[in-house]
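Q: So that you have it, the file is coords-v2.txt, and it contains compact mmCIF, C-alpha atoms:
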# COMPACT_ATOMS: atom_id res chain seq x y z
CA MET A 1 17.71 -33.76 -5.74
CA GLN A 2 15.21 -30.94 -5.09
CA PHE A 3 14.76 -32.13 -1.48
CA VAL A 4 18.52 -32.16 -0.87
CA LEU A 5 19.03 -28.71 -2.43
CA LYS A 6 16.12 -27.22 -0.48
CA ASN A 7 17.44 -28.53 2.83
CA ILE A 8 21.02 -27.43 2.22
CA LEU A 9 19.80 -23.95 1.35
CA HIS A 10 17.41 -23.93 4.30
CA PHE A 11 20.27 -24.54 6.72
CA MET A 12 22.68 -22.24 4.87
CA PRO A 13 22.84 -19.55 7.62
CA LEU A 14 24.12 -22.16 10.09
CA ILE A 15 26.43 -23.79 7.52
CA PHE A 16 27.75 -20.38 6.44
CA GLY A 17 28.31 -19.32 10.06
CA LEU A 18 30.28 -22.45 10.87
CA GLY A 19 32.03 -22.96 7.54
CA PHE A 20 32.84 -19.40 6.50
CA LEU A 21 32.42 -16.92 9.33
CA GLY A 22 34.15 -19.28 11.78
CA PRO A 23 37.41 -19.57 9.80
CA LEU A 24 37.14 -15.88 8.89
CA CYS A 25 36.98 -14.85 12.57
CA ALA A 26 39.85 -17.26 13.30
CA GLN A 27 42.04 -15.71 10.61
CA ILE A 28 41.29 -12.18 11.81
CA LEU A 29 42.05 -13.19 15.42
CA SER A 30 45.31 -14.84 14.34
CA LEU A 31 46.34 -11.68 12.48
CA THR A 32 45.79 -9.57 15.60
CA GLY A 33 47.59 -12.11 17.81
CA TRP A 34 44.75 -12.00 20.35
CA ALA A 35 44.09 -15.75 20.35
CA ASP A 36 47.68 -16.61 21.18
CA MET A 37 47.58 -14.37 24.21
CA ALA A 38 44.38 -15.93 25.47
CA GLY A 39 45.82 -19.43 25.08
CA ILE A 40 42.83 -20.74 23.16
CA SER A 41 43.04 -21.77 19.52
CA ALA A 42 41.86 -19.06 17.14
CA LEU A 43 39.81 -21.59 15.18
CA ALA A 44 37.87 -22.65 18.31
CA ILE A 45 36.99 -19.06 19.11
CA GLY A 46 36.17 -18.32 15.47
CA ILE A 47 33.85 -21.30 15.16
CA ALA A 48 32.15 -20.38 18.43
CA ILE A 49 31.51 -16.83 17.17
CA GLY A 50 30.58 -17.81 13.59
CA GLY A 51 28.51 -20.80 14.69
CA SER A 52 26.58 -18.79 17.28
CA TRP A 53 25.89 -16.00 14.81
CA GLY A 54 24.84 -18.53 12.18
CA LEU A 55 22.52 -20.26 14.65
CA ILE A 56 20.92 -16.96 15.62
CA ALA A 57 20.48 -16.08 11.91
CA GLN A 58 19.00 -19.54 11.30
CA LEU A 59 16.45 -19.14 14.09
CA ARG A 60 15.59 -15.45 13.58
CA GLY A 61 15.78 -15.41 9.77
CA ARG A 62 18.13 -12.41 9.81
CA TRP A 63 21.83 -11.73 10.29
CA ILE A 64 21.29 -8.15 11.45
CA MET B 1 -10.34 14.92 -33.44
CA SER B 2 -7.26 16.91 -32.44
CA MET B 3 -7.63 15.58 -28.88
CA THR B 4 -6.88 12.04 -30.11
CA ALA B 5 -4.57 12.89 -33.01
CA ALA B 6 -2.00 14.65 -30.81
CA PRO B 7 -0.96 11.58 -28.73
CA VAL B 8 -0.73 9.46 -31.89
CA ASP B 9 1.48 12.09 -33.43
CA LEU B 10 3.64 12.21 -30.33
CA ARG B 11 3.95 8.43 -30.39
CA LYS B 12 5.11 8.51 -34.01
CA GLN B 13 7.72 11.18 -33.23
CA GLU B 14 8.87 9.23 -30.19
CA GLN B 15 9.23 6.03 -32.19
CA ALA B 16 11.14 7.79 -34.97
CA ILE B 17 13.68 9.02 -32.41
CA ALA B 18 13.90 5.59 -30.77
CA ARG B 19 14.52 3.90 -34.14
CA LYS B 20 17.42 6.28 -34.71
CA TYR B 21 19.23 4.85 -31.69
CA ALA B 22 18.23 1.20 -32.06
CA GLY B 23 19.86 -1.64 -33.95
CA ARG B 24 23.49 -0.91 -33.09
CA LEU B 25 25.58 -3.69 -31.56
CA PRO B 26 26.97 -2.12 -28.36
CA TRP B 27 30.53 -3.43 -28.45
CA GLU B 28 31.31 -1.37 -25.38
CA ALA B 29 28.85 -3.51 -23.39
CA VAL B 30 30.50 -6.71 -24.66
CA LEU B 31 33.96 -5.45 -23.71
CA TRP B 32 32.65 -4.12 -20.40
CA GLY B 33 30.95 -7.39 -19.45
CA LEU B 34 33.67 -9.83 -20.47
CA GLY B 35 36.59 -7.55 -19.52
CA ASN B 36 35.10 -6.86 -16.10
CA LEU B 37 34.69 -10.59 -15.46
CA ALA B 38 38.24 -11.32 -16.66
CA LEU B 39 39.63 -8.64 -14.33
CA TRP B 40 37.68 -10.00 -11.35
CA LEU B 41 38.83 -13.56 -12.08
CA ALA B 42 42.42 -12.35 -12.40
CA LEU B 43 42.30 -10.89 -8.88
CA TRP B 44 42.27 -14.38 -7.36
CA PRO B 45 45.64 -15.64 -8.66
CA LEU B 46 47.14 -12.14 -8.34
CA VAL B 47 46.28 -12.11 -4.63
CA PHE B 48 47.07 -15.78 -3.94
CA LEU B 49 50.49 -15.41 -5.60
CA GLU B 50 51.05 -12.18 -3.65
CA ILE B 51 51.48 -10.15 -6.83
CA MET B 52 48.69 -7.79 -5.78
CA PRO B 53 48.01 -6.78 -2.16
CA LEU B 54 44.57 -7.58 -0.79
CA TRP B 55 43.92 -3.95 0.19
CA LEU B 56 44.09 -3.06 -3.53
CA ALA B 57 42.15 -6.10 -4.74
CA PHE B 58 39.20 -5.31 -2.45
CA PRO B 59 38.14 -1.97 -4.02
CA ILE B 60 38.76 -3.37 -7.52
CA ALA B 61 36.58 -6.40 -6.74
CA THR B 62 33.89 -4.11 -5.34
CA LEU B 63 33.91 -2.07 -8.57
CA ASN B 64 33.79 -5.33 -10.57
CA VAL B 65 30.62 -6.43 -8.78
CA MET B 66 29.02 -2.98 -9.07
CA LEU B 67 29.74 -2.97 -12.81
CA CYS B 68 28.84 -6.55 -13.66
CA TYR B 69 25.05 -6.30 -13.94
CA LEU B 70 24.50 -3.84 -16.79
CA PRO B 71 26.17 -5.80 -19.64
CA SER B 72 23.94 -8.74 -18.74
CA HIS B 73 21.02 -6.30 -18.71
CA GLU B 74 21.79 -5.39 -22.34
CA ALA B 75 21.72 -9.12 -23.13
CA GLN B 76 18.46 -9.61 -21.23
CA HIS B 77 16.89 -7.18 -23.72
CA ASP B 78 18.57 -8.95 -26.69
CA ILE B 79 20.39 -5.73 -27.56
CA ILE B 80 23.69 -7.46 -28.37
CA GLY B 81 22.10 -10.05 -30.65
CA ARG B 82 18.48 -10.94 -31.24
CA LYS B 83 17.29 -14.52 -31.61
CA GLY B 84 18.16 -15.83 -35.05
CA THR B 85 20.86 -13.26 -35.76
CA LYS B 86 24.58 -13.95 -36.11
CA TRP B 87 25.49 -12.29 -32.80
CA ARG B 88 22.97 -14.23 -30.72
CA TRP B 89 25.74 -16.43 -29.27
CA LEU B 90 27.57 -13.31 -28.08
CA ASN B 91 24.41 -11.93 -26.51
CA GLU B 92 23.90 -15.14 -24.53
CA THR B 93 27.60 -15.40 -23.61
CA VAL B 94 27.66 -11.88 -22.16
CA GLY B 95 24.32 -12.50 -20.45
CA HIS B 96 25.42 -15.71 -18.76
CA LEU B 97 28.98 -14.75 -17.85
CA SER B 98 28.94 -11.12 -16.77
CA THR B 99 26.82 -11.58 -13.63
CA ILE B 100 28.90 -14.41 -12.16
CA PRO B 101 30.48 -12.11 -9.50
CA LEU B 102 26.96 -11.08 -8.49
CA VAL B 103 25.80 -14.75 -8.27
CA LEU B 104 22.75 -13.95 -10.40
CA PRO B 105 21.80 -16.56 -13.03
CA TYR B 106 21.06 -15.03 -16.44
CA ARG B 107 17.80 -16.90 -17.05
CA VAL B 108 16.45 -15.85 -13.64
CA ALA B 109 17.56 -12.25 -14.21
CA LYS B 110 16.01 -12.13 -17.69
CA THR B 111 12.67 -13.67 -16.74
CA THR B 112 12.19 -11.51 -13.65
CA HIS B 113 13.41 -8.37 -15.40
CA ILE B 114 10.83 -8.76 -18.16
CA GLN B 115 8.19 -8.99 -15.41
CA HIS B 116 9.59 -5.77 -13.93
CA HIS B 117 9.06 -4.04 -17.28
CA LEU B 118 5.55 -5.42 -17.64
CA HIS B 119 4.46 -4.56 -14.10
CA ALA B 120 6.75 -1.76 -12.85
CA ASN B 121 5.57 -0.40 -9.48
CA ASP B 122 2.93 -3.10 -9.03
CA PRO B 123 3.47 -4.22 -5.41
CA ASP B 124 2.55 -7.84 -6.19
CA LYS B 125 3.87 -8.39 -9.71
CA ASP B 126 6.98 -6.20 -9.92
CA PRO B 127 9.92 -8.33 -8.67
CA ASP B 128 11.87 -5.19 -7.77
CA TYR B 129 9.10 -3.39 -5.91
CA SER B 130 10.52 -4.48 -2.55
CA SER B 131 13.42 -2.05 -3.04
CA MET B 132 11.04 0.91 -2.68
CA ALA B 133 11.67 3.07 0.40
CA PRO B 134 10.84 6.64 1.48
CA GLY B 135 14.39 8.02 1.14
CA PRO B 136 17.95 7.16 0.05
CA TRP B 137 19.21 5.88 3.42
CA ALA B 138 16.00 3.92 3.92
CA ALA B 139 16.63 2.40 0.46
CA VAL B 140 20.12 1.27 1.50
CA TRP B 141 18.73 -0.27 4.68
CA LYS B 142 15.89 -1.92 2.74
CA SER B 143 18.39 -3.49 0.36
CA ILE B 144 20.30 -4.99 3.32
CA GLN B 145 17.06 -6.17 4.95
CA ASN B 146 15.88 -7.78 1.71
CA ARG B 147 19.04 -9.92 1.74
CA GLN B 148 18.32 -11.52 5.11
CA PRO B 149 17.58 -15.27 4.98
CA GLY B 150 13.93 -14.90 6.02
CA ALA B 151 13.19 -11.75 3.97
CA LYS B 152 10.16 -11.61 1.71
CA GLY B 153 11.66 -9.10 -0.75
CA GLY B 154 14.79 -8.90 -2.91
CA PHE B 155 15.95 -12.12 -4.54
CA ASN B 156 13.54 -14.07 -2.30
CA LYS B 157 10.68 -12.31 -4.13
CA TYR B 158 12.16 -13.47 -7.45
CA GLY B 159 11.26 -17.03 -6.46
CA ASP B 160 7.60 -16.07 -5.99
CA ILE B 161 7.54 -14.28 -9.36
CA LEU B 162 9.09 -17.28 -11.15
CA ARG B 163 6.37 -19.51 -9.67
CA ASP B 164 3.66 -17.00 -10.67
CA VAL B 165 4.81 -16.97 -14.30
CA GLY B 166 5.17 -20.74 -14.46
CA ARG B 167 8.99 -20.80 -14.57
CA GLU B 168 9.62 -22.82 -11.42
CA ASP B 169 12.29 -24.69 -13.38
CA LEU B 170 14.51 -21.61 -13.07
CA LEU B 171 14.56 -21.95 -9.28
CA LEU B 172 17.13 -24.69 -9.87
CA ASP B 173 19.46 -22.15 -11.55
CA GLY B 174 19.19 -19.94 -8.49
CA ALA B 175 19.75 -22.83 -6.06
CA LEU B 176 22.81 -24.11 -7.94
CA PHE B 177 24.34 -20.62 -8.12
CA GLN B 178 23.80 -20.14 -4.39
CA LEU B 179 25.28 -23.53 -3.57
CA ALA B 180 28.30 -22.95 -5.79
CA HIS B 181 28.85 -19.50 -4.26
CA PHE B 182 28.64 -20.66 -0.65
CA GLY B 183 30.54 -23.86 -1.46
CA ILE B 184 33.48 -21.92 -2.96
CA LEU B 185 33.51 -19.43 -0.07
CA ILE B 186 33.50 -22.21 2.52
CA ALA B 187 36.15 -24.24 0.67
CA LEU B 188 38.41 -21.17 0.50
CA ALA B 189 37.81 -20.37 4.17
CA LEU B 190 38.64 -23.92 5.25
CA SER B 191 41.80 -23.78 3.11
CA GLY B 192 43.05 -20.73 5.00
CA TYR B 193 41.85 -18.07 2.55
CA ALA B 194 38.82 -16.73 4.43
CA ILE B 195 39.93 -13.09 4.44
CA GLU B 196 40.76 -13.25 0.72
CA ALA B 197 37.34 -14.80 -0.04
CA ALA B 198 35.62 -12.19 2.11
CA LEU B 199 37.35 -9.24 0.46
CA ILE B 200 37.31 -10.44 -3.16
CA TRP B 201 33.80 -11.86 -3.28
CA TRP B 202 31.59 -11.85 -0.19
CA LEU B 203 31.87 -8.21 0.94
CA PRO B 204 32.18 -6.76 -2.61
CA ARG B 205 28.98 -8.62 -3.48
CA GLN B 206 27.14 -7.13 -0.49
CA ILE B 207 28.31 -3.62 -1.37
CA GLY B 208 27.65 -4.18 -5.08
CA LEU B 209 24.12 -5.46 -4.50
CA THR B 210 23.32 -2.44 -2.35
CA TYR B 211 24.66 -0.09 -5.02
CA ILE B 212 22.86 -1.86 -7.87
CA GLN B 213 19.55 -2.05 -6.04
CA PHE B 214 19.86 1.61 -5.06
CA PHE B 215 20.64 3.00 -8.51
CA LEU B 216 18.91 0.50 -10.78
CA SER B 217 15.74 -0.17 -8.76
CA TRP B 218 15.11 2.47 -6.13
CA ALA B 219 16.35 5.75 -7.65
CA PRO B 220 14.72 5.58 -11.11
CA HIS B 221 11.35 4.41 -9.78
CA HIS B 222 11.16 6.39 -6.56
CA PRO B 223 8.58 6.83 -5.01
CA GLY B 224 7.20 3.78 -6.78
CA VAL B 225 3.59 4.90 -7.02
CA GLY B 226 2.83 5.56 -10.69
CA GLN B 227 1.96 2.78 -13.08
CA GLY B 228 1.71 2.80 -16.85
CA ARG B 229 3.97 3.62 -19.78
CA TYR B 230 4.71 7.25 -18.96
CA LYS B 231 4.25 7.12 -15.19
CA ASP B 232 6.26 4.22 -13.76
CA THR B 233 9.74 5.73 -13.95
CA ARG B 234 11.45 9.10 -14.25
CA ALA B 235 14.43 11.07 -15.47
CA PHE B 236 16.42 12.57 -12.60
CA ARG B 237 19.69 14.30 -11.86
CA SER B 238 21.89 12.24 -9.58
CA SER B 239 24.50 13.82 -7.33
CA TRP B 240 26.72 10.88 -8.43
CA GLY B 241 26.48 12.05 -12.06
CA ASN B 242 25.51 9.88 -15.02
CA MET B 243 28.56 7.61 -14.76
CA GLY B 244 28.24 7.26 -10.98
CA SER B 245 24.58 6.35 -11.29
CA MET B 246 25.38 3.98 -14.18
CA GLY B 247 23.27 5.84 -16.74
CA MET B 248 20.12 5.56 -14.67
CA GLN B 249 19.36 9.30 -14.94
CA TYR B 250 17.78 8.42 -18.31
CA HIS B 251 16.02 5.25 -17.18
CA ILE B 252 12.75 6.56 -18.58
CA VAL B 253 14.12 6.08 -22.11
CA HIS B 254 15.02 2.49 -21.25
CA HIS B 255 11.51 1.68 -20.01
CA LEU B 256 9.90 3.24 -23.07
CA HIS B 257 12.33 1.69 -25.56
CA PRO B 258 14.30 -1.13 -23.91
CA TYR B 259 16.07 -2.05 -27.16
CA ILE B 260 18.18 1.15 -27.12
CA PRO B 261 21.75 0.49 -25.86
CA LEU B 262 22.45 1.99 -22.44
CA THR B 263 25.17 4.33 -23.68
CA ASP B 264 22.77 5.82 -26.25
CA THR B 265 20.00 6.64 -23.77
CA PRO B 266 21.36 10.13 -22.83
CA ALA B 267 21.31 11.28 -26.50
CA ALA B 268 17.92 9.65 -27.08
CA TYR B 269 16.60 11.40 -23.98
CA ARG B 270 17.76 14.80 -25.17
CA ASP B 271 15.96 14.26 -28.51
CA MET B 272 12.87 12.87 -26.82
CA ARG B 273 12.61 15.34 -23.95
CA PRO B 274 10.02 17.74 -25.52
CA ILE B 275 7.76 14.77 -26.28
CA LEU B 276 8.13 13.35 -22.77
CA GLU B 277 7.35 16.77 -21.33
CA LYS B 278 4.11 16.90 -23.34
CA ARG B 279 3.31 13.41 -22.05
CA GLY B 280 3.52 14.69 -18.49
CA CYS B 281 6.48 12.46 -17.55
CA ARG B 282 8.54 13.17 -14.45
CA LEU B 283 11.67 14.89 -15.74
CA GLU B 284 13.41 16.11 -12.61
CA ASN B 285 16.15 18.74 -13.01
CA ILE B 286 17.56 17.19 -16.15
As a first step, turn the structure in this file into structure tokens.
A:
Amino acid sequence: MQFVLKNILHFMPLIFGLGFLGPLCAQILSLTGWADMAGISALAIGIAIGGSWGLIAQLRGRWI
Amino acid sequence: MSMTAAPVDLRKQEQAIARKYAGRLPWEAVLWGLGNLALWLALWPLVFLEIMPLWLAFPIATLNVMLCYLPSHEAQHDIIGRKGTKWRWLNETVGHLSTIPLVLPYRVAKTTHIQHHLHANDPDKDPDYSSMAPGPWAAVWKSIQNRQPGAKGGFNKYGDILRDVGREDLLLDGALFQLAHFGILIALALSGYAIEAALIWWLPRQIGLTYIQFFLSWAPHHPGVGQGRYKDTRAFRSSWGNMGSMGMQYHIVHHLHPYIPLTDTPAAYRDMRPILEKRGCRLENI
């Protein structure tokens, strides 16, 4: 139990980037209509942005 | 003889004043804590059912998070109901529930806060020492930095303190709260409510934490150098006023007599001021 909790929390920046920031970026992009114009799905762009940011936060230990 | 008698006399006078303000059940804190939580919880259905616009829910949620800590703080000091008294259940209810928007477990908050009182301004033993910074903007930046995943201060320091005092069991409370918080945010985001989750919980919590750490940790203890009963905190005049600084202008009274309800500390301070002045306390423009 402790091992599982520790590991989930350890990887939380990456999980948060993919699971929360990704959909958040996607929703913001959809609201602005930018994604439709670019012809790429808003969720794909959002997950790319959120996932990259989460990965950077995971590796550097800081979001900003 | 008079050299030693004077401080004893001062102590007696100080305690007589403190007793005058102690022992009252602060119903306003109960209403504040539970009402604030109820309002924050109500924002979710109000926004989801499009009864309230999100632009209005966001500042209300931010206020909810900013306001949610202090009722729990009253409970942490057993002010609402001491152990063995008839209002103990209410004390624990307010303590556990009011800080839900802040994602701060009551038992973790209580244990670390007692350590703060015992070791205020001790760089190693004070769990809140990491909020110290040379100026107000530096304090805001420090609060944000302390929240980074790899930070050594802020809530990450709480873990070290819990281990030091032999309460590693409480780390589980913190882990479960974090998991629940992130789990709910992610579930909402994946269900198409990411902006709602961000503006009712995630961003209000970031703003609220910055505000709370600024006014409850940094401002009353700045510059964080003195240690000891009359040296580790101060009275100060805030440009945000007493309400805007959440009563922290009179934080010195709280550290000396933590059983006095928050809303009674201004009156207690005014009575106690001449004694505190003789004690050489830092009473700055108030």
Q: Using only C-alpha atoms, which chain B residues lie at most 6 Å away from chain A, written as a ChimeraX atom specification?
A: /B:148-150,186,189,194-195
Q: What is the atom CA of Ala6 of chain B to atom CA of His255 of chain B distance in Å?
A: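 So the answer is 21.6 Å.
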Q: Would you list the contacts of Ala22 of chain B as an MDAnalysis selection string, taking every protein, DNA or RNA residue within 8 Å and counting all atoms listed in the file, but skipping same-chain residues closer than 4 positions in sequence?
A: chainID B and resid 18 259:261
Q: How many Å separate atom CA of Leu67 of chain B from atom CA of Thr210 of chain B?
A: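 Atom CA of Thr210 of chain B lies 12.3 Å from atom CA of Leu67 of chain B.
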Q: Could you name the residues that touch Leu209 of chain B at 9 Å or less, counting only C-alpha atoms, but leaving out those on the same chain fewer than 2 positions away, as a PyMOL selection string?
A: chain B and resi 65-66+102+143-144+204-207+211-214
Q: So which residues fall inside 10 Å of (16.9, -21.9, -7.9) if we count all atoms listed in the file? Mind giving them as a PDB file with C-alpha atoms, in the frame of the given file?
A:
ATOM      1  CA  GLN A   2      15.210 -30.940  -5.090  1.00  0.00           C
ATOM      2  CA  LEU A   5      19.030 -28.710  -2.430  1.00  0.00           C
ATOM      3  CA  LYS A   6      16.120 -27.220  -0.480  1.00  0.00           C
ATOM      4  CA  LEU A   9      19.800 -23.950   1.350  1.00  0.00           C
TER       5      LEU A   9
ATOM      6  CA  PRO B 105      21.800 -16.560 -13.030  1.00  0.00           C
ATOM      7  CA  VAL B 108      16.450 -15.850 -13.640  1.00  0.00           C
ATOM      8  CA  TYR B 158      12.160 -13.470  -7.450  1.00  0.00           C
ATOM      9  CA  GLY B 159      11.260 -17.030  -6.460  1.00  0.00           C
ATOM     10  CA  LEU B 162       9.090 -17.280 -11.150  1.00  0.00           C
ATOM     11  CA  GLU B 168       9.620 -22.820 -11.420  1.00  0.00           C
ATOM     12  CA  ASP B 169      12.290 -24.690 -13.380  1.00  0.00           C
ATOM     13  CA  LEU B 170      14.510 -21.610 -13.070  1.00  0.00           C
ATOM     14  CA  LEU B 171      14.560 -21.950  -9.280  1.00  0.00           C
ATOM     15  CA  LEU B 172      17.130 -24.690  -9.870  1.00  0.00           C
ATOM     16  CA  ASP B 173      19.460 -22.150 -11.550  1.00  0.00           C
ATOM     17  CA  GLY B 174      19.190 -19.940  -8.490  1.00  0.00           C
ATOM     18  CA  ALA B 175      19.750 -22.830  -6.060  1.00  0.00           C
ATOM     19  CA  LEU B 176      22.810 -24.110  -7.940  1.00  0.00           C
ATOM     20  CA  PHE B 177      24.340 -20.620  -8.120  1.00  0.00           C
ATOM     21  CA  GLN B 178      23.800 -20.140  -4.390  1.00  0.00           C
ATOM     22  CA  LEU B 179      25.280 -23.530  -3.570  1.00  0.00           C
TER      23      LEU B 179
END
Q: Write out as a list in words which residues come within 10 Å of Asn285 of chain B when counting all atoms listed in the file, dropping same-chain ones fewer than 4 positions away.
A: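 Surrounding residues, per the criterion: Ala235, Phe236, Arg237 and Ser238 of chain B.
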Q: Write a file of the just-selected residues containing C-alpha atoms, as a PDB file, keeping the file's coordinate frame.
A:
ATOM      1  CA  ALA B 235      14.430  11.070 -15.470  1.00  0.00           C
ATOM      2  CA  PHE B 236      16.420  12.570 -12.600  1.00  0.00           C
ATOM      3  CA  ARG B 237      19.690  14.300 -11.860  1.00  0.00           C
ATOM      4  CA  SER B 238      21.890  12.240  -9.580  1.00  0.00           C
TER       5      SER B 238
END
Q: What's the separation between atom CA of Glu74 of chain B and atom CA of Thr62 of chain B, in Å to one decimal place?
A: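 Those two atoms sit 20.9 Å apart.
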